[in-house]
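Visitor: So I've got this file, protein-v7.cif, and it contains mmCIF, C-alpha atoms and all ligand atoms:
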data_upload
#
loop_
_atom_site.label_atom_id
_atom_site.label_comp_id
_atom_site.auth_asym_id
_atom_site.auth_seq_id
_atom_site.Cartn_x
_atom_site.Cartn_y
_atom_site.Cartn_z
CA MET A 9 0.00 0.00 0.00
CA PRO A 10 1.57 3.34 -0.98
CA ALA A 11 1.80 6.05 1.71
CA SER A 12 -0.63 8.96 1.45
CA ALA A 13 -0.79 11.92 3.84
CA SER A 14 -4.35 11.72 5.14
CA GLY A 15 -5.45 14.46 7.57
CA SER A 16 -4.45 14.49 11.19
CA LEU A 17 -4.30 17.41 13.57
CA GLN A 18 -1.56 15.84 15.63
CA ARG A 19 1.89 17.31 15.55
CA VAL A 20 4.80 15.47 13.96
CA GLU A 21 8.03 16.15 15.75
CA VAL A 22 10.37 13.48 14.44
CA VAL A 23 13.11 14.05 11.95
CA MET A 24 14.48 10.88 10.40
CA ARG A 25 17.58 10.27 8.37
CA ASP A 26 17.24 7.86 5.45
CA SER A 27 16.92 4.35 6.85
CA GLY A 28 15.63 2.53 3.77
CA THR A 29 12.17 0.97 3.50
CA ILE A 30 10.46 0.10 6.77
CA LEU A 31 8.18 -2.94 6.59
CA VAL A 32 5.34 -2.84 9.14
CA ALA A 33 3.33 -6.02 9.72
CA GLY A 34 -0.33 -5.46 10.72
CA ARG A 35 -1.72 -3.03 8.17
CA ALA A 36 -5.20 -2.34 9.62
CA GLY A 37 -4.12 -2.02 13.25
CA GLN A 38 -3.94 1.16 15.32
CA LEU A 39 -0.16 1.34 15.51
CA ALA A 40 0.37 0.35 11.87
CA ARG A 41 -2.04 3.01 10.65
CA CYS A 42 -0.42 5.71 12.81
CA LEU A 43 3.02 4.68 11.52
CA PHE A 44 1.75 4.84 7.96
CA GLN A 45 0.19 8.26 8.48
CA LEU A 46 3.32 9.70 10.13
CA ALA A 47 5.72 8.24 7.58
CA ALA A 48 3.71 9.73 4.74
CA ARG A 49 3.84 13.16 6.37
CA ILE A 50 7.59 13.14 6.90
CA ASP A 51 8.36 11.37 3.65
CA VAL A 52 9.80 8.19 5.11
CA PRO A 53 9.49 5.05 2.91
CA LEU A 54 7.24 2.74 4.90
CA VAL A 55 5.06 -0.11 3.72
CA THR A 56 2.28 -1.62 5.82
CA VAL A 57 1.17 -5.16 5.07
CA GLY A 58 -1.49 -7.38 6.57
CA ARG A 59 -3.77 -10.28 5.87
CA PRO A 60 -4.36 -11.79 3.37
CA GLU A 61 -1.06 -10.70 1.71
CA LEU A 62 0.93 -11.29 4.89
CA ASP A 63 0.04 -13.80 7.59
CA ILE A 64 2.85 -13.59 10.15
CA GLY A 65 1.94 -17.06 11.42
CA ASP A 66 2.80 -18.59 8.05
CA GLN A 67 6.52 -18.87 7.29
CA ALA A 68 6.01 -19.05 3.50
CA SER A 69 3.91 -15.89 3.61
CA VAL A 70 6.57 -14.09 5.69
CA GLU A 71 9.34 -15.13 3.29
CA ARG A 72 7.30 -14.07 0.27
CA MET A 73 6.68 -10.63 1.73
CA MET A 74 10.33 -10.14 2.73
CA ARG A 75 11.41 -10.92 -0.82
CA LYS A 76 8.76 -8.65 -2.31
CA VAL A 77 9.39 -5.59 -0.11
CA ASN A 78 13.11 -6.13 0.50
CA PRO A 79 12.98 -3.91 3.62
CA ALA A 80 15.83 -2.31 5.56
CA VAL A 81 13.92 -2.47 8.87
CA VAL A 82 11.03 -4.64 10.11
CA VAL A 83 8.38 -3.64 12.69
CA ASN A 84 5.88 -6.13 14.07
CA ALA A 85 2.66 -4.23 14.82
CA ALA A 86 0.53 -7.30 14.03
CA ALA A 87 -1.02 -9.18 16.90
CA TYR A 88 -4.04 -11.09 18.13
CA THR A 89 -5.35 -8.40 20.49
CA ALA A 90 -8.83 -9.68 21.47
CA VAL A 91 -8.08 -10.15 25.17
CA GLU A 92 -11.40 -11.80 26.04
CA LYS A 93 -11.76 -13.97 22.93
CA ALA A 94 -8.20 -15.25 23.38
CA GLN A 95 -9.41 -17.27 26.37
CA THR A 96 -11.33 -19.54 23.97
CA GLU A 97 -9.24 -19.01 20.81
CA ARG A 98 -5.94 -20.04 22.36
CA GLU A 99 -4.53 -21.58 19.20
CA ASP A 100 -4.99 -18.42 17.16
CA ALA A 101 -3.55 -16.25 19.92
CA TYR A 102 -0.39 -18.37 20.25
CA ARG A 103 0.01 -18.87 16.49
CA ILE A 104 0.00 -15.12 15.88
CA ASN A 105 1.44 -13.61 19.08
CA ALA A 106 4.10 -16.23 19.79
CA GLU A 107 4.95 -18.22 16.64
CA GLY A 108 4.22 -15.38 14.20
CA ALA A 109 6.32 -12.89 16.13
CA GLY A 110 9.18 -15.43 16.19
CA LEU A 111 8.91 -16.13 12.43
CA LEU A 112 9.08 -12.45 11.58
CA ALA A 113 12.04 -11.91 13.93
CA LYS A 114 13.85 -14.87 12.37
CA ALA A 115 13.30 -13.55 8.84
CA ALA A 116 14.69 -10.16 9.89
CA ARG A 117 17.68 -11.76 11.64
CA GLN A 118 18.55 -13.89 8.59
CA ARG A 119 18.86 -10.67 6.59
CA SER A 120 20.67 -8.79 9.41
CA LEU A 121 17.82 -6.26 9.64
CA PRO A 122 16.84 -4.25 12.73
CA PHE A 123 13.62 -5.61 14.22
CA VAL A 124 11.14 -3.81 16.49
CA HIS A 125 8.42 -5.82 18.21
CA VAL A 126 5.55 -4.60 20.37
CA SER A 127 4.38 -6.33 23.56
CA THR A 128 2.10 -5.56 26.47
CA ASP A 129 1.74 -4.64 30.15
CA TYR A 130 -0.50 -7.73 30.46
CA VAL A 131 2.63 -9.88 30.87
CA PHE A 132 2.43 -8.81 34.54
CA ASP A 133 -0.05 -10.00 37.18
CA GLY A 134 -0.55 -6.57 38.75
CA ARG A 135 0.50 -7.42 42.28
CA LYS A 136 3.01 -4.58 42.47
CA SER A 137 2.06 -1.12 43.65
CA GLU A 138 4.87 0.80 42.00
CA PRO A 139 5.75 0.96 38.29
CA TYR A 140 7.08 -2.28 36.80
CA VAL A 141 10.63 -2.32 35.47
CA GLU A 142 11.74 -4.57 32.63
CA SER A 143 13.45 -7.08 34.93
CA ASP A 144 10.38 -7.63 37.13
CA VAL A 145 8.97 -11.14 37.21
CA THR A 146 6.30 -11.75 34.57
CA SER A 147 3.18 -13.73 35.37
CA PRO A 148 0.34 -13.18 32.88
CA LEU A 149 -3.22 -13.66 34.10
CA GLY A 150 -4.73 -14.67 30.75
CA VAL A 151 -4.09 -16.30 27.39
CA TYR A 152 -3.47 -13.01 25.59
CA GLY A 153 -0.77 -11.97 28.10
CA GLN A 154 0.83 -15.42 28.08
CA SER A 155 0.87 -15.55 24.26
CA LYS A 156 2.49 -12.10 24.14
CA LEU A 157 5.05 -13.18 26.75
CA ASP A 158 5.83 -16.28 24.67
CA GLY A 159 6.18 -13.90 21.71
CA GLU A 160 8.82 -11.88 23.60
CA THR A 161 10.72 -15.10 24.26
CA ALA A 162 10.44 -16.26 20.64
CA VAL A 163 11.58 -12.87 19.30
CA ALA A 164 14.56 -12.66 21.66
CA ALA A 165 15.59 -16.23 20.78
CA ALA A 166 15.38 -15.58 17.04
CA HIS A 167 16.96 -12.11 16.99
CA ALA A 168 19.26 -11.10 19.86
CA ASP A 169 19.29 -7.45 18.74
CA ALA A 170 15.51 -7.14 18.52
CA VAL A 171 13.98 -4.20 20.36
CA ILE A 172 10.86 -5.31 22.26
CA LEU A 173 8.58 -2.48 23.39
CA ARG A 174 5.98 -3.19 26.07
CA THR A 175 3.16 -0.69 25.97
CA SER A 176 -0.32 -0.34 27.49
CA TRP A 177 -3.95 0.78 27.02
CA VAL A 178 -3.47 1.85 23.38
CA TYR A 179 -6.03 4.18 21.76
CA SER A 180 -6.23 6.18 18.55
CA ALA A 181 -8.66 7.51 15.97
CA PHE A 182 -8.36 4.15 14.20
CA GLY A 183 -9.92 0.76 14.87
CA ALA A 184 -11.62 -0.28 18.08
CA ASN A 185 -10.38 0.96 21.44
CA PHE A 186 -11.60 2.11 24.86
CA MET A 187 -11.65 5.80 23.94
CA LYS A 188 -13.85 5.21 20.90
CA THR A 189 -16.14 2.93 22.92
CA MET A 190 -16.60 5.70 25.52
CA ILE A 191 -17.38 8.25 22.79
CA ARG A 192 -19.96 5.89 21.32
CA LEU A 193 -21.53 5.21 24.72
CA ALA A 194 -21.64 8.95 25.45
CA GLU A 195 -23.87 9.40 22.42
CA SER A 196 -26.30 6.63 23.35
CA HIS A 197 -26.30 6.03 27.13
CA PRO A 198 -27.43 8.29 30.00
CA THR A 199 -25.15 6.46 32.48
CA VAL A 200 -21.85 4.65 31.94
CA ARG A 201 -20.21 2.45 34.59
CA VAL A 202 -16.45 1.88 34.41
CA VAL A 203 -14.06 -0.06 36.64
CA ASP A 204 -12.09 2.07 39.04
CA ASP A 205 -9.74 -0.51 40.58
CA GLN A 206 -7.38 -1.27 37.67
CA ARG A 207 -4.51 1.19 37.27
CA GLY A 208 -2.45 1.69 34.14
CA THR A 209 -1.44 4.25 31.53
CA PRO A 210 -3.47 5.15 28.44
CA THR A 211 -1.05 5.45 25.53
CA SER A 212 -1.74 7.14 22.21
CA ALA A 213 -0.87 5.02 19.15
CA HIS A 214 0.24 8.24 17.47
CA ASP A 215 2.83 8.81 20.24
CA LEU A 216 3.90 5.18 20.02
CA ALA A 217 4.40 5.52 16.27
CA LEU A 218 6.54 8.64 16.74
CA ALA A 219 8.64 6.81 19.30
CA VAL A 220 9.06 3.77 17.04
CA LEU A 221 10.34 5.99 14.21
CA LYS A 222 12.79 7.75 16.55
CA ILE A 223 14.05 4.37 17.79
CA ILE A 224 14.45 3.09 14.23
CA ASP A 225 16.40 6.20 13.34
CA GLN A 226 18.86 5.40 16.11
CA LEU A 227 19.03 1.69 15.28
CA THR A 228 19.84 2.40 11.65
CA HIS A 229 22.40 5.15 12.32
CA PRO A 230 24.22 3.40 15.12
CA ARG A 231 24.34 5.90 17.90
CA VAL A 232 22.95 3.24 20.17
CA GLN A 233 25.14 0.14 20.49
CA GLN A 234 23.75 -3.22 21.60
CA ALA A 235 20.24 -1.91 22.01
CA GLY A 236 18.53 -5.32 21.81
CA GLY A 237 16.23 -6.14 24.71
CA ILE A 238 12.95 -5.30 26.40
CA TYR A 239 11.86 -1.71 27.01
CA HIS A 240 8.76 -0.20 28.60
CA LEU A 241 7.13 2.51 26.49
CA THR A 242 3.92 4.20 27.64
CA ALA A 243 2.69 7.74 28.10
CA THR A 244 3.69 9.50 31.32
CA GLY A 245 1.40 9.23 34.36
CA GLU A 246 -1.24 6.77 35.42
CA THR A 247 -4.97 6.46 36.06
CA THR A 248 -7.78 3.91 36.25
CA TRP A 249 -10.16 2.97 33.43
CA HIS A 250 -12.71 5.15 35.27
CA GLY A 251 -10.20 8.05 35.37
CA PHE A 252 -9.54 7.53 31.66
CA ALA A 253 -13.29 7.60 30.94
CA ALA A 254 -13.70 10.76 33.07
CA ALA A 255 -10.96 12.51 31.10
CA ILE A 256 -12.57 11.45 27.80
CA PHE A 257 -15.95 12.80 28.92
CA GLU A 258 -14.37 16.06 30.17
CA GLY A 259 -12.73 16.40 26.79
CA LEU A 260 -16.05 15.81 25.04
CA ARG A 261 -17.83 18.37 27.20
CA ALA A 262 -15.10 20.93 26.46
CA ARG A 263 -15.83 20.31 22.78
CA ASP A 264 -19.59 20.85 23.24
CA GLN A 265 -20.45 17.16 23.00
CA ARG A 266 -23.12 15.48 25.10
CA ILE A 267 -21.79 13.42 28.02
CA PRO A 268 -23.36 10.74 30.24
CA LYS A 269 -23.25 10.30 34.00
CA LEU A 270 -20.14 8.29 34.91
CA GLU A 271 -20.18 5.83 37.82
CA PRO A 272 -17.21 3.94 39.28
CA ILE A 273 -17.56 0.18 39.72
CA GLY A 274 -15.22 -2.55 40.94
CA THR A 275 -13.72 -5.34 38.81
CA ALA A 276 -15.93 -7.74 40.77
CA ASP A 277 -19.02 -5.89 39.46
CA TYR A 278 -17.93 -6.43 35.84
CA PRO A 279 -16.81 -10.04 35.48
CA THR A 280 -14.97 -10.86 32.24
CA PRO A 281 -13.57 -14.17 30.89
CA ALA A 282 -10.00 -12.79 31.03
CA LYS A 283 -8.53 -11.55 34.31
CA ARG A 284 -6.64 -8.25 33.97
CA PRO A 285 -3.87 -6.92 36.21
CA ALA A 286 -5.09 -4.55 38.94
CA TYR A 287 -1.92 -2.51 38.46
CA SER A 288 0.18 -2.41 35.29
CA VAL A 289 1.94 0.96 35.29
CA LEU A 290 5.31 0.64 33.53
CA ASN A 291 8.53 2.45 34.44
CA CYS A 292 9.92 3.80 31.15
CA THR A 293 13.29 5.17 32.28
CA LYS A 294 15.35 2.44 30.55
CA LEU A 295 13.99 3.51 27.16
CA GLU A 296 14.61 7.18 27.92
CA ARG A 297 18.18 6.44 29.06
CA THR A 298 18.94 4.33 25.99
CA PHE A 299 17.12 6.13 23.18
CA GLY A 300 16.35 9.55 24.71
CA VAL A 301 12.65 8.97 24.01
CA ARG A 302 9.95 9.88 26.52
CA LEU A 303 6.21 10.08 25.77
CA PRO A 304 4.07 13.04 26.89
CA PRO A 305 1.58 12.98 29.81
CA TRP A 306 -1.39 10.79 28.83
CA ARG A 307 -3.97 13.59 29.22
CA ARG A 308 -2.17 15.86 26.78
CA SER A 309 -2.11 13.16 24.12
CA LEU A 310 -5.74 12.30 24.77
CA ASP A 311 -6.63 15.93 24.04
CA ALA A 312 -4.80 15.80 20.72
CA CYS A 313 -6.63 12.62 19.76
CA LEU A 314 -10.03 14.01 20.78
CA ASP A 315 -9.35 17.00 18.56
CA GLN A 316 -8.75 14.62 15.71
CA LEU A 317 -11.95 12.68 16.41
CA VAL A 318 -14.35 15.40 17.43
CA VAL A 319 -13.22 18.22 15.19
CA GLN A 320 -12.77 15.88 12.23
CA LYS A 321 -15.79 13.68 12.81
CA GLU A 322 -15.21 11.74 9.65
CA ALA A 323 -12.22 10.05 11.31
CA LEU A 324 -14.72 8.07 13.40
CA THR A 325 -15.79 6.20 10.32
CA CYS A 326 -12.23 5.24 9.33
N1 LIG B 1 -4.47 -2.23 21.91
C1 LIG B 1 -3.95 -2.17 23.13
O1 LIG B 1 -4.58 -1.68 24.07
C2 LIG B 1 -2.57 -2.71 23.39
C3 LIG B 1 -2.05 -2.66 24.70
C4 LIG B 1 -0.76 -3.14 24.93
C5 LIG B 1 -0.02 -3.66 23.88
N2 LIG B 1 -0.55 -3.70 22.64
C6 LIG B 1 0.26 -4.26 21.55
O2 LIG B 1 0.53 -3.22 20.64
C7 LIG B 1 0.64 -3.76 19.31
C8 LIG B 1 -0.23 -2.97 18.37
O3 LIG B 1 -1.56 -3.04 18.86
P1 LIG B 1 -2.79 -2.39 18.08
O4 LIG B 1 -3.72 -1.84 19.11
O5 LIG B 1 -2.29 -1.54 16.98
O6 LIG B 1 -3.45 -3.71 17.49
P2 LIG B 1 -4.74 -3.86 16.58
O7 LIG B 1 -5.32 -2.52 16.30
O8 LIG B 1 -5.59 -4.91 17.18
O9 LIG B 1 -4.12 -4.39 15.22
C9 LIG B 1 -3.50 -5.62 15.11
C10 LIG B 1 -3.40 -5.92 13.64
O10 LIG B 1 -2.69 -7.14 13.50
C11 LIG B 1 -3.25 -7.80 12.41
N3 LIG B 1 -3.00 -9.22 12.44
C12 LIG B 1 -3.53 -10.13 13.27
N4 LIG B 1 -3.07 -11.34 12.97
C13 LIG B 1 -2.26 -11.20 11.91
C14 LIG B 1 -1.51 -12.11 11.13
N5 LIG B 1 -1.51 -13.43 11.38
N6 LIG B 1 -0.76 -11.63 10.11
C15 LIG B 1 -0.76 -10.30 9.83
N7 LIG B 1 -1.46 -9.40 10.52
C16 LIG B 1 -2.21 -9.85 11.56
C17 LIG B 1 -4.72 -7.53 12.50
O11 LIG B 1 -5.25 -7.74 11.22
P3 LIG B 1 -6.78 -7.99 10.90
O12 LIG B 1 -7.29 -6.61 10.64
O13 LIG B 1 -6.71 -8.87 9.68
O14 LIG B 1 -7.38 -8.67 12.09
C18 LIG B 1 -4.76 -6.09 12.95
O15 LIG B 1 -4.85 -5.23 11.85
C19 LIG B 1 0.28 -5.24 19.44
O16 LIG B 1 1.45 -5.99 19.54
C20 LIG B 1 -0.47 -5.33 20.74
O17 LIG B 1 -0.36 -6.60 21.34
C21 LIG B 1 -1.80 -3.22 22.36
#
Please lay out the structure from this file as structure tokens.
Guide:
Amino acid sequence: MPASASGSLQRVEVVMRDSGTILVAGRAGQLARCLFQLAARIDVPLVTVGRPELDIGDQASVERMMRKVNPAVVVNAAAYTAVEKAQTEREDAYRINAEGAGLLAKAARQRSLPFVHVSTDYVFDGRKSEPYVESDVTSPLGVYGQSKLDGETAVAAAHADAVILRTSWVYSAFGANFMKTMIRLAESHPTVRVVDDQRGTPTSAHDLALAVLKIIDQLTHPRVQQAGGIYHLTATGETTWHGFAAAIFEGLRARDQRIPKLEPIGTADYPTPAKRPAYSVLNCTKLERTFGVRLPPWRRSLDACLDQLVVQKEALTC
């Protein structure tokens, strides 16, 4: 798919030197679409590919795509992200998140290409009460988290220099996410109840995409030596899902949109097939120390995204 600069109000503040073509797996996903949009705006050669042309769980498909695109860098933004459905679709979750991630990493390694992979805060069980660092013990509570953890292991085994970025609570103008669900509920429901006892950090896919490009720039113009490993990468700050919803509704009200009454509930009041960590705030200082990249406070980025959605209403139908 060729890059085209479709409208976004969000600022681009990354300057990249020529790194050759970046291949991004996961074309229709939030992160892939933000990467595509940013790359088009700053004139970086970047190709996004997804199913049916590329199935990362199929080695022949991965090889075919590597030959066709002949990239200089590979980013894995493809994943099985349906946290609840993963509990019953285990095979799919592991095939994509574990085996697929490993296959892509191996294909990049065989060609000596930098590889960036994205993982999740759900590798942790949430028993801590201060931000998790990369070396903390992992203990996923559900199939999605375990499959992503197995993916980290497979990627590291296949490609020792791979950069693995754990992020959390991703939202954007694209696809399905919590922010868009809240906006939809605000239009149709007088009262919305949201859990107030799970803490984490909402992270804008646009910010993530900017960070990924900055990291690639450093990987391809070796300022950073031996950068392979796991890094935490989220926005700054923390809240609960209820706090996130409150900020979304405040943002809607400030933009003259109708808002519902918001009520806090406990996890026990909203049982789901997959257990989620009660606390999954990530400490991102290792990434900042290594790559000099730090994401903005989550509320500031939420504002930028709401501008994109509310002021440009057509983005909702993307
Ligand atoms: N969303 C979050 O809240 C969150 C939180 C923490 C970490 N992460 C991680 O961040 C990364 C990006 O997430 P996201 O929110 O951008 O995900 P997303 O919007 O769910 O997109 C994932 C994309 O991967 C594609 N995909 C699935 N299986 C594939 C396969 N076998 N081959 C090729 N493509 C495949 C999907 O394609 P289809 O359109 O064909 O299904 C989808 O377009 C993922 O690694 C995710 O685990 C996400």
Visitor: Which polymer residues, protein or nucleic acid, are no farther than 8 Å from (-4.3, 1.3, 13.6), counting only C-alpha atoms, as a list in words?
Guide: Arg35, Ala36, Gly37, Gln38, Leu39, Ala40, Arg41, Cys42, Ser180, Ala181, Phe182, Gly183 and Ala213 of chain A
Visitor: In Å, with one decimal, what is the gap from atom CA of Ile50 of chain A to atom CA of His214 of chain A?
Guide: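 Computing the Euclidean distance for atom CA of Ile50 of chain A and atom CA of His214 of chain A yields 13.8 Å.
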Visitor: Atom CA of Ala184 of chain A to atom CA of Asp204 of chain A: how many Å, to one decimal?
Guide: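 Pair atom CA of Ala184 of chain A / atom CA of Asp204 of chain A returns 21.1 Å.
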Visitor: Which of these, A:Ile224, A:Leu31, A:Ala90, A:Ala48, has the shortest distance to Arg75 of chain A once you count all atoms listed in the file?
Guide: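 Once distances to Arg75 of chain A are computed over all atoms listed in the file, the minimum belongs to A:Leu31.
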Visitor: Taking only C-alpha atoms into account, which of A:Arg119, A:Arg192, A:Arg174, A:His240 comes nearest Ala85 of chain A?
Guide: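 Counting only C-alpha atoms, the residue closest to Ala85 of chain A is A:Arg174.
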Visitor: Within 9 Å of ligand LIG 1 (chain B), counting all atoms listed in the file, which protein or nucleic acid residues do you find, written as a ChimeraX atom specification?
Guide: /A:33-42,57-66,70,84-90,100-101,103-105,108,125-130,152-153,156,173-180,182-186,210-211,213
Visitor: Please enclose the listed atoms of segment 241-256 of chain A in an axis-aligned box, pad each side by 8 Å, and write out the centre and the three edge lengths in Å, rounded to one decimal, as JSON.
Guide:
{"center_x": -3.3, "center_y": 7.5, "center_z": 31.4, "size_x": 36.8, "size_y": 26.0, "size_z": 25.8}
Visitor: Just the number, please: distance in Å from atom CA of Arg98 of chain A to atom CA of Ala282 of chain A, one decimal.
Guide: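 Atom CA of Ala282 of chain A lies 12.0 Å from atom CA of Arg98 of chain A.
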Visitor: Out of A:Thr199, A:Ser309, A:Ser155, A:Ser120, which residue has the shortest atom-to-atom distance to Gly259 of chain A when counting all atoms listed in the file?
Guide: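 Of A:Thr199, A:Ser309, A:Ser155, A:Ser120, the one nearest Gly259 of chain A, counting all atoms listed in the file, is A:Ser309.
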Visitor: Determine, counting all atoms listed in the file, which protein, DNA and RNA residues have an atom within 10 Å of an atom of Ala116 of chain A; residues of the same chain fewer than 4 positions away are not included. Present the result as a ChimeraX atom specification.
Guide: /A:70-71,74,79-83,110-112,120-124,166-167,170
Visitor: For Leu221 of chain A, list every protein, DNA or RNA residue within 8 Å, evaluated using all atoms listed in the file, and leave out those in the same chain fewer than 3 positions away; present the list as a PyMOL selection string.
Guide: chain A and resi 22+24+43+217-218+224-225
Visitor: Please provide the set of residues having any atom within 12 Å of Thr209 of chain A, restricted to only C-alpha atoms, with same-chain residues fewer than 2 positions apart removed, written as a ChimeraX atom specification.
Guide: /A:128-129,139-140,174-179,206-207,211-212,240-252,287-292,303-307,309-310
Visitor: So which residues are close to (21.2, 4.7, 28.8), meaning at most 12 Å away in the file's coordinates with only C-alpha atoms counted, and can you show them as a list of chain:residue names?
Guide: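 Nearby residues: A:Arg231, A:Val232, A:Gln233, A:Gln234, A:Ala235, A:Tyr239, A:Cys292, A:Thr293, A:Lys294, A:Leu295, A:Glu296, A:Arg297, A:Thr298, A:Phe299, A:Gly300, A:Val301.
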Visitor: Closest to Val200 of chain A among A:Asp158, A:Ala253, A:Ala286, A:Arg72, using only C-alpha atoms?
Guide: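 Looking only at the distances to Val200 of chain A, the closest residue turns out to be A:Ala253.
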